[in-house]
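Have a look at protein_35.txt; it's compact mmCIF, C-alpha atoms:
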```txt
# COMPACT_ATOMS: atom_id res chain seq x y z
CA MET I 15 4.37 4.80 7.60
CA GLY I 16 2.89 4.99 4.10
CA THR I 17 -0.20 2.83 4.67
CA HIS I 18 -3.60 3.33 6.19
CA PRO I 19 -4.69 1.10 9.06
CA THR I 20 -6.49 -2.08 8.17
CA PRO I 21 -10.26 -2.17 8.80
CA SER I 22 -11.50 -1.97 12.36
CA ASP I 23 -12.48 -5.64 12.38
CA ARG I 24 -8.90 -6.60 11.54
CA PRO I 25 -5.67 -6.05 13.46
CA SER I 26 -3.84 -2.85 12.59
CA ARG I 27 -0.30 -2.78 11.27
CA ARG I 28 0.79 -1.43 14.66
CA GLN I 29 -0.68 -4.54 16.31
CA VAL I 30 1.09 -6.77 13.80
CA LEU I 31 4.46 -5.18 14.51
CA ALA I 32 3.89 -5.31 18.25
CA CYS I 33 3.25 -9.03 17.94
CA ALA I 34 6.40 -9.45 15.85
CA ALA I 35 8.44 -7.56 18.43
CA GLY I 36 7.09 -9.85 21.13
CA LEU I 37 8.21 -12.89 19.17
CA ALA I 38 11.64 -11.36 18.71
CA SER I 39 12.02 -10.69 22.42
CA ALA I 40 11.18 -14.33 23.05
CA GLY I 41 14.03 -15.33 20.78
CA ALA I 42 11.92 -16.70 17.90
CA ILE I 43 13.88 -17.54 14.74
CA THR I 44 11.82 -18.89 11.88
CA GLY I 45 12.31 -20.77 8.65
CA TYR I 46 15.81 -22.03 7.95
CA ALA I 47 17.53 -19.21 9.83
CA TRP I 48 19.82 -19.81 12.77
CA HIS I 49 22.17 -17.61 14.74
CA HIS I 50 25.83 -18.65 14.81
CA PHE I 51 27.89 -16.14 16.73
CA ARG I 52 31.41 -15.38 15.63
CA SER I 53 33.02 -16.47 18.87
CA GLY I 54 31.52 -19.91 18.40
CA VAL I 55 30.15 -19.93 21.94
CA PRO I 56 26.36 -20.36 22.12
CA GLY I 57 24.66 -17.30 23.54
CA SER I 58 27.64 -15.02 23.03
CA ASP I 59 27.44 -11.78 21.09
CA VAL I 60 29.71 -9.32 19.35
CA PRO I 61 30.76 -6.30 21.42
CA VAL I 62 28.64 -3.20 20.81
CA PRO I 63 30.68 -0.04 21.36
CA ALA I 64 28.73 2.88 22.84
CA GLY I 65 31.02 5.52 21.41
CA GLY I 66 34.44 6.27 19.98
CA TYR I 67 33.14 5.94 16.42
CA ARG I 68 35.11 7.07 13.40
CA PHE I 69 33.27 8.26 10.30
CA GLU I 70 34.61 7.94 6.78
CA ARG I 71 33.14 9.43 3.63
CA ARG I 72 33.17 7.31 0.49
CA ALA I 73 32.06 8.05 -3.04
CA ALA I 74 30.23 6.23 -5.85
CA PRO I 75 27.78 5.97 -4.22
CA ALA I 76 28.18 8.76 -1.67
CA ARG I 77 28.04 7.15 1.75
CA THR I 78 29.23 7.24 5.34
CA VAL I 79 31.08 4.25 6.78
CA VAL I 80 31.22 3.96 10.57
CA ARG I 81 34.17 2.24 12.23
CA ALA I 82 34.83 1.28 15.83
CA ALA I 83 37.99 2.30 17.69
CA ASP I 84 39.52 -1.07 16.74
CA ASP I 85 38.80 -0.28 13.04
CA ARG I 86 35.91 -2.74 12.70
CA VAL I 87 33.25 -1.60 10.23
CA LEU I 88 30.06 -1.11 12.20
CA ALA I 89 27.70 0.35 9.62
CA THR I 90 27.25 1.82 6.16
CA PHE I 91 24.77 4.61 5.39
CA THR I 92 24.20 5.64 1.77
CA ASP I 93 23.14 9.18 0.90
CA GLY I 94 19.55 9.14 -0.32
CA ALA I 95 18.76 5.67 1.06
CA ARG I 96 16.81 4.72 4.18
CA THR I 97 18.37 1.28 4.60
CA ALA I 98 21.08 0.99 7.23
CA LEU I 99 23.59 -1.85 6.90
CA LEU I 100 24.75 -2.75 10.41
CA THR I 101 27.24 -5.31 11.72
CA GLY I 102 25.94 -7.81 14.27
CA PRO I 103 26.19 -11.47 15.26
CA THR I 104 26.78 -13.81 12.34
CA ARG I 105 23.69 -15.66 11.15
CA THR I 106 23.31 -18.60 8.79
CA TRP I 107 20.66 -18.76 6.07
CA SER I 108 19.96 -22.00 4.22
CA GLU I 109 17.21 -23.84 2.36
CA PRO I 110 18.03 -27.56 2.19
CA ARG I 111 15.08 -28.52 -0.03
CA THR I 112 16.26 -26.41 -2.97
CA THR I 113 20.02 -25.84 -2.60
CA GLY I 114 23.14 -26.90 -0.78
CA ALA I 115 24.27 -23.27 -0.68
CA VAL I 116 24.57 -21.53 2.67
CA VAL I 117 24.94 -17.83 3.41
CA ARG I 118 26.77 -16.87 6.61
CA SER I 119 26.71 -13.16 7.24
CA ASP I 120 27.10 -10.58 9.99
CA ALA I 121 24.95 -8.12 8.00
CA TRP I 122 21.81 -6.76 9.65
CA VAL I 123 19.62 -4.49 7.51
CA ARG I 124 17.25 -1.99 9.11
CA LEU I 125 15.15 0.91 7.92
CA MET I 126 15.71 4.46 9.12
CA GLY I 127 12.89 6.97 9.41
CA SER I 128 14.33 9.15 6.66
CA ALA I 129 17.03 9.01 4.00
CA TRP I 130 20.65 9.42 5.03
CA SER I 131 22.57 12.58 4.21
CA GLN I 132 26.11 13.74 4.86
CA GLY I 133 26.56 15.07 8.39
CA LYS I 134 23.59 13.22 9.87
CA GLU I 135 26.01 11.47 12.24
CA ARG I 136 26.33 14.79 14.09
CA THR I 137 22.62 14.99 14.94
CA HIS I 138 21.07 14.22 18.31
CA TRP I 139 18.89 11.61 16.61
CA PHE I 140 21.89 9.63 15.42
CA ARG I 141 23.68 9.73 18.78
CA GLU I 142 20.56 8.32 20.42
CA TRP I 143 19.59 5.85 17.72
CA PHE I 144 22.87 4.30 16.57
CA PRO I 145 24.00 2.42 19.73
CA LYS I 146 20.48 1.05 20.15
CA ALA I 147 20.34 -0.05 16.52
CA LEU I 148 23.70 -1.84 16.82
CA ALA I 149 22.46 -3.75 19.87
CA ASP I 150 18.98 -4.50 18.46
CA ARG I 151 18.39 -8.23 17.91
CA SER I 152 14.73 -8.00 16.89
CA PRO I 153 13.94 -9.18 13.34
CA ASP I 154 15.63 -7.10 10.64
CA ALA I 155 14.79 -7.18 6.92
CA PHE I 156 16.54 -10.55 6.43
CA ALA I 157 14.84 -12.22 9.40
CA VAL I 158 11.47 -10.86 8.30
CA ALA I 159 12.00 -12.09 4.72
CA PHE I 160 12.81 -15.62 5.90
CA GLN I 161 9.60 -15.66 7.94
CA TYR I 162 7.92 -16.37 4.58
CA GLY I 163 10.40 -18.93 3.26
CA ASP I 164 10.40 -22.67 2.81
CA GLY I 165 8.94 -24.35 5.89
CA ALA I 166 8.47 -21.16 7.91
CA PRO I 167 5.82 -21.60 10.64
CA ASP I 168 2.72 -19.41 10.79
CA LEU I 169 2.88 -16.19 12.79
CA ARG I 170 -0.41 -14.71 13.95
CA THR I 171 -1.61 -11.71 15.88
CA SER I 172 -3.74 -12.15 18.99
CA SER I 173 -6.75 -11.53 16.75
CA GLY I 174 -5.80 -14.42 14.48
CA LEU I 175 -4.47 -12.54 11.44
CA ARG I 176 -1.67 -14.57 9.85
CA TYR I 177 1.09 -12.08 9.04
CA GLY I 178 3.95 -14.58 8.59
CA GLY I 179 4.49 -18.14 7.52
CA ASN I 180 5.39 -20.12 4.40
CA ALA I 181 4.20 -18.13 1.35
CA ARG I 182 3.27 -19.46 -2.07
CA PHE I 183 3.84 -17.66 -5.38
CA GLY I 184 0.37 -17.79 -6.92
CA PRO I 185 -2.43 -20.05 -8.22
CA ARG I 186 -1.78 -22.47 -11.06
CA VAL I 187 -2.35 -21.27 -14.62
CA PRO I 188 -4.51 -23.67 -16.66
CA GLY I 189 -2.74 -25.12 -19.67
CA GLN I 190 0.79 -24.41 -18.45
CA SER I 191 3.19 -27.27 -17.79
CA GLU I 192 4.93 -27.58 -14.45
CA ALA I 193 8.26 -26.85 -16.18
CA SER I 194 7.02 -23.46 -17.37
CA PHE I 195 7.95 -20.24 -15.60
CA HIS I 196 4.27 -19.29 -16.05
CA TYR I 197 2.98 -22.41 -14.28
CA ARG I 198 1.87 -20.22 -11.39
CA ASP I 199 0.20 -16.87 -11.93
CA GLU I 200 1.67 -13.54 -10.89
CA LYS I 201 -0.46 -10.63 -9.59
CA SER I 202 -0.50 -11.64 -5.90
CA ASP I 203 0.33 -8.63 -3.72
CA PHE I 204 0.95 -8.40 0.02
CA TYR I 205 -2.74 -7.89 0.83
CA ASP I 206 -3.55 -11.13 -1.03
CA TYR I 207 -1.12 -12.97 1.24
CA LEU I 208 -2.75 -11.38 4.30
CA GLY I 209 -6.30 -11.78 3.04
CA VAL I 210 -7.32 -8.25 4.08
CA PRO I 211 -8.40 -5.15 2.13
CA TRP I 212 -5.88 -2.31 2.00
CA THR I 213 -6.33 1.44 1.53
CA PHE I 214 -3.26 3.25 0.20
CA PRO I 215 -2.38 6.87 1.03
CA ASP I 216 -3.77 8.06 -2.32
CA GLY I 217 -7.17 6.66 -1.36
CA ILE I 218 -7.07 3.65 -3.69
CA ARG I 219 -8.52 0.59 -1.93
CA LYS I 220 -7.52 -2.91 -2.96
CA HIS I 221 -9.32 -6.12 -2.06
CA PRO I 222 -7.62 -9.52 -1.82
CA GLU I 223 -8.63 -12.36 -4.10
CA LYS I 224 -9.72 -15.40 -2.13
CA GLU I 225 -7.81 -17.83 -4.36
CA ARG I 226 -4.59 -15.89 -3.72
CA TYR I 227 -4.66 -16.04 0.07
CA GLY I 228 -1.14 -16.88 1.28
CA ASP I 229 0.35 -16.03 -2.15
CA VAL I 230 2.83 -13.30 -3.05
CA ASP I 231 4.67 -12.73 -6.33
CA CYS I 232 8.20 -11.30 -6.56
CA SER I 233 7.34 -7.60 -6.24
CA GLY I 234 4.50 -8.35 -3.85
CA PHE I 235 7.02 -10.15 -1.65
CA MET I 236 9.28 -7.08 -1.55
CA ARG I 237 6.26 -4.97 -0.65
CA LEU I 238 5.28 -7.47 2.04
CA VAL I 239 8.74 -7.33 3.62
CA TRP I 240 9.75 -3.70 3.08
CA GLY I 241 6.34 -2.07 3.05
CA TYR I 242 3.93 -3.96 5.27
CA ARG I 243 6.48 -5.26 7.77
CA MET I 244 9.33 -2.71 7.72
CA GLY I 245 7.21 0.39 7.16
CA TYR I 246 8.46 1.63 3.78
CA PRO I 247 5.76 3.69 2.01
CA MET I 248 3.83 2.02 -0.84
CA HIS I 249 1.29 3.04 -3.44
CA ALA I 250 -1.16 1.07 -5.53
CA THR I 251 0.01 1.83 -9.08
CA ASN I 252 3.12 1.65 -11.27
CA ASN I 253 3.19 5.41 -11.74
CA PRO I 254 5.63 7.72 -9.93
CA GLY I 255 4.61 8.29 -6.34
CA ALA I 256 5.69 8.13 -2.73
CA GLY I 257 7.33 4.82 -1.91
CA LEU I 258 7.22 1.44 -3.61
CA PRO I 259 5.08 1.01 -6.75
CA ARG I 260 3.48 -2.32 -7.54
CA ARG I 261 5.54 -4.08 -10.26
CA ALA I 262 9.24 -4.97 -10.46
CA TYR I 263 9.94 -2.73 -13.47
CA ALA I 264 8.36 0.25 -11.69
CA ILE I 265 10.29 -0.38 -8.46
CA ALA I 266 13.51 -0.56 -10.48
CA SER I 267 12.96 2.75 -12.23
CA ARG I 268 10.68 4.79 -9.97
CA ALA I 269 11.15 3.76 -6.35
CA PRO I 270 12.96 6.11 -3.97
CA GLY I 271 16.51 5.39 -2.90
CA VAL I 272 19.71 5.09 -4.89
CA LEU I 273 20.21 3.50 -8.30
CA LEU I 274 23.42 1.48 -7.91
CA ILE I 275 23.64 -0.29 -11.26
CA PRO I 276 21.96 1.23 -14.34
CA ASN I 277 20.11 -1.00 -16.79
CA THR I 278 22.14 -1.32 -19.99
CA GLY I 279 20.16 -4.27 -21.30
CA ARG I 280 23.01 -6.63 -20.43
CA PRO I 281 24.31 -8.30 -17.24
CA PRO I 282 26.43 -5.75 -15.35
CA ALA I 283 30.18 -6.21 -15.65
CA ASP I 284 30.77 -5.05 -12.07
CA ILE I 285 28.57 -5.89 -9.08
CA SER I 286 31.05 -4.84 -6.40
CA LEU I 287 28.80 -1.94 -5.29
CA LEU I 288 26.14 -4.34 -4.01
CA LEU I 289 25.58 -4.63 -0.27
CA PRO I 290 23.28 -7.05 1.57
CA GLY I 291 19.70 -5.82 1.44
CA ASP I 292 19.94 -4.18 -1.99
CA LEU I 293 17.16 -4.92 -4.45
CA VAL I 294 18.27 -6.71 -7.63
CA PHE I 295 16.22 -6.79 -10.83
CA PHE I 296 16.07 -9.21 -13.74
CA ALA I 297 14.77 -9.49 -17.31
CA ILE I 298 13.98 -13.19 -17.56
CA ASP I 299 10.83 -13.40 -19.68
CA VAL I 300 11.77 -15.28 -22.85
CA GLY I 301 11.44 -12.97 -25.85
CA ARG I 302 11.66 -9.74 -23.83
CA PRO I 303 15.29 -9.57 -22.69
CA ARG I 304 15.17 -5.84 -21.93
CA ASP I 305 11.98 -5.78 -19.83
CA ILE I 306 12.43 -5.96 -16.05
CA ASP I 307 10.04 -8.57 -14.71
CA HIS I 308 11.62 -9.98 -11.55
CA VAL I 309 13.00 -8.56 -8.30
CA GLY I 310 14.78 -10.04 -5.29
CA MET I 311 16.90 -9.08 -2.30
CA TYR I 312 20.67 -9.51 -2.31
CA LEU I 313 21.84 -11.69 0.60
CA GLY I 314 25.61 -11.47 0.06
CA PRO I 315 28.12 -14.16 -0.89
CA ASP I 316 27.34 -17.78 -0.08
CA THR I 317 29.91 -20.22 1.29
CA ASP I 318 31.13 -20.87 -2.26
CA GLY I 319 31.76 -17.17 -2.73
CA ARG I 320 28.82 -16.76 -5.13
CA PRO I 321 26.63 -13.64 -4.80
CA ARG I 322 23.20 -15.04 -3.83
CA PHE I 323 19.77 -13.43 -3.78
CA TYR I 324 16.35 -14.22 -2.30
CA SER I 325 13.05 -13.80 -4.16
CA SER I 326 9.58 -15.25 -4.65
CA ARG I 327 9.59 -17.53 -7.72
CA SER I 328 7.08 -19.61 -9.61
CA ARG I 329 9.05 -22.87 -9.80
CA ALA I 330 9.84 -22.83 -6.08
CA ASN I 331 6.25 -21.73 -5.43
CA GLY I 332 7.24 -18.92 -3.10
CA PRO I 333 10.20 -17.12 -1.52
CA THR I 334 13.47 -18.97 -2.04
CA MET I 335 17.24 -18.65 -2.08
CA GLY I 336 17.42 -21.96 -3.90
CA ASP I 337 18.39 -23.16 -7.35
CA LEU I 338 15.21 -24.64 -8.82
CA ALA I 339 15.00 -23.71 -12.53
CA GLY I 340 18.10 -21.56 -12.25
CA ARG I 341 20.88 -20.92 -9.75
CA ALA I 342 20.03 -17.97 -7.50
CA THR I 343 23.35 -16.22 -8.03
CA LEU I 344 24.28 -13.00 -9.81
CA ASP I 345 27.55 -14.09 -11.41
CA GLY I 346 28.46 -16.60 -14.12
CA HIS I 347 26.39 -17.86 -17.02
CA GLY I 348 23.30 -19.15 -15.22
CA PHE I 349 19.72 -18.19 -16.01
CA TYR I 350 19.38 -15.47 -13.39
CA ALA I 351 22.94 -14.20 -13.77
CA GLN I 352 22.34 -13.67 -17.48
CA GLY I 353 19.02 -11.99 -16.73
CA PHE I 354 20.42 -9.65 -14.04
CA ARG I 355 20.10 -6.03 -15.16
CA THR I 356 19.98 -3.38 -12.44
CA ALA I 357 20.07 -2.77 -8.66
CA ARG I 358 18.66 -0.23 -6.23
CA ARG I 359 19.27 0.59 -2.55
CA LEU I 360 16.08 1.66 -0.81
```
Output the file's structure as structure tokens, nothing else.
Amino acid sequence: MGTHPTPSDRPSRRQVLACAAGLASAGAITGYAWHHFRSGVPGSDVPVPAGGYRFERRAAPARTVVRAADDRVLATFTDGARTALLTGPTRTWSEPRTTGAVVRSDAWVRLMGSAWSQGKERTHWFREWFPKALADRSPDAFAVAFQYGDGAPDLRTSSGLRYGGNARFGPRVPGQSEASFHYRDEKSDFYDYLGVPWTFPDGIRKHPEKERYGDVDCSGFMRLVWGYRMGYPMHATNNPGAGLPRRAYAIASRAPGVLLIPNTGRPPADISLLLPGDLVFFAIDVGRPRDIDHVGMYLGPDTDGRPRFYSSRSRANGPTMGDLAGRATLDGHGFYAQGFRTARRL
């Protein structure tokens, strides 16, 4: 899965995911995430067809759209990407401490074992996997991401390793005012949050810093969600390699997947290609408007119709969809909208 097991005196990643699956089967929803099903009846679900699918090919980017017999869109698979966008029960995401915005979405984002390619729908793997994936209600990428958001309760393995729960951004930087975007230090990766050493496939071993326990910066948060929890490969440097590199600028330019919006040094004029789960990148460091230095995950439109994203930020001191020190939307003239540069689908 792109990582080596944690040391023998610590739970392995397999144990962590088994624990997470157990929580999902018990119906655990964490943070400010609730299920609201489209019928409006508690406990109801959307119908999951077991067959009769219709497949459409679309271009720019090349992708396969799956429809049910009644013409409902069930899924979108993009050539070269491992993320699968599936339709499921509508969920509501909110963060009352930092914003009045709410995102209601029927999007469920999961990770396939390999990148999609044209014709894959005709394979035995797809015929077995797809109906199960449509019916799967265990935590997807969104549910996992919100397990680190504002007020999220701790999640621990049977051995006591905390693998989920409210995350912070980083330790305070001496001499910086609270209003500064540099008030809290970057450089906290997923293993700092976990507090365990990590050996990457290239043999590089990283050790957590004690003062960063429970902390994760913007790119570290994406690695925590997509790499540690969802199983996307990672490596320790910003150089080209298998899977996710360390920093936002390197993920934007060198990660696998599909580049949706190229970086022209300006906010993109058209963001219609974005789908929930896509990674969005920003140049927001004052004085360096062309340098990518922030990354988040696109959630979709909020109830005001504004395209909203989720990321770990200094002013919010951790993962947030909120509007502290800048509205977390990709359109308009706000701080993050003007800093938005490029997007990638993993």
Mind dumping a table of every stretch 278-350 of chain I residue within 12 Å of stretch 67-88 of chain I, with the nearest atom pair and its distance in Å to one decimal, using all atoms listed in the file, sorted by chain and rising number, as CSV?
```
residue,atom,partner,partner_atom,distance
I:Ser286,CA,I:Ala74,CA,11.1
I:Leu287,CA,I:Pro75,CA,8.0
I:Leu288,CA,I:Pro75,CA,10.4
I:Leu289,CA,I:Pro75,CA,11.5
```
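Interatomic distance, atom CA of I:Arg358 against atom CA of I:Ala266: 6.7 Å.
Between atom CA of I:Arg341 and atom CA of I:Ile306 the separation is 18.3 Å.
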Item to check | Test item: residues at most 6 Å from I:Tyr207, all atoms listed in the file, excluding those fewer than 2 positions along its chain, as a PyMOL selection string | outcome: chain I and resi 204-205+209+227-230
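Our summary of the geometry notes that atom CA of I:Asp120 is positioned 20.2 Å from atom CA of I:Ser325.
Closest approach to I:Ala159 from the set I:Leu125, I:Ala98, I:Ala256, I:Met236 is made by I:Met236, with distances taken over only C-alpha atoms.
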Next on the checklist: Give me the residues near I:Pro270 as a PyMOL selection string, where near means some atom within 12 Å (using only C-alpha atoms) and where sequence neighbours in that chain fewer than 5 positions away do not count.
Outcome noted: chain I and resi 93-97+128-129+246-248+254-259+264-265+293+358-360
Checklist entry - If you count all atoms listed in the file, which residues fall within 8 Å of I:Arg186, apart from same-chain ones fewer than 3 positions away, as number ranges by chain? => result I: 197-199
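Comparing I:Arg322, I:Arg355, I:Arg260, I:Arg329 by their smallest distance to I:Arg118, the closest is I:Arg322 (using all atoms listed in the file).
With all atoms listed in the file as the basis for measurement, I:Ser202 is the residue among I:Thr251, I:Ser202, I:Trp212, I:Gly133 that approaches I:Lys224 most closely.
Minimum distance to I:Ala351 across I:Glu142, I:Asp337, I:Glu135, I:Asp168 (counting all atoms listed in the file) occurs at I:Asp337.
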Specify the axis-aligned box that encloses all atoms of stretch 104-108 of chain I listed in the file after padding of 6 Å on each side, stating its centre and edge lengths in Å to one decimal as JSON.
```
{"center_x": 23.4, "center_y": -17.9, "center_z": 8.3, "size_x": 18.8, "size_y": 20.2, "size_z": 20.1}
```
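Considering only C-alpha atoms, the residue among I:Trp240, I:Ala357, I:Ser328, I:His308 positioned nearest to I:Val187 is I:Ser328.
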Residues near I:Ala283, cut-off 12 Å, only C-alpha atoms, skip fewer than 5 positions along chain, as a compact mmCIF listing (two decimals) with C-alpha atoms, in the coordinates of the input:
```txt
# COMPACT_ATOMS: atom_id res chain seq x y z
CA ILE I 275 23.64 -0.29 -11.26
CA PRO I 276 21.96 1.23 -14.34
CA ASN I 277 20.11 -1.00 -16.79
CA THR I 278 22.14 -1.32 -19.99
CA LEU I 344 24.28 -13.00 -9.81
CA ASP I 345 27.55 -14.09 -11.41
CA GLY I 346 28.46 -16.60 -14.12
CA ALA I 351 22.94 -14.20 -13.77
CA GLN I 352 22.34 -13.67 -17.48
CA PHE I 354 20.42 -9.65 -14.04
CA ARG I 355 20.10 -6.03 -15.16
CA THR I 356 19.98 -3.38 -12.44
```
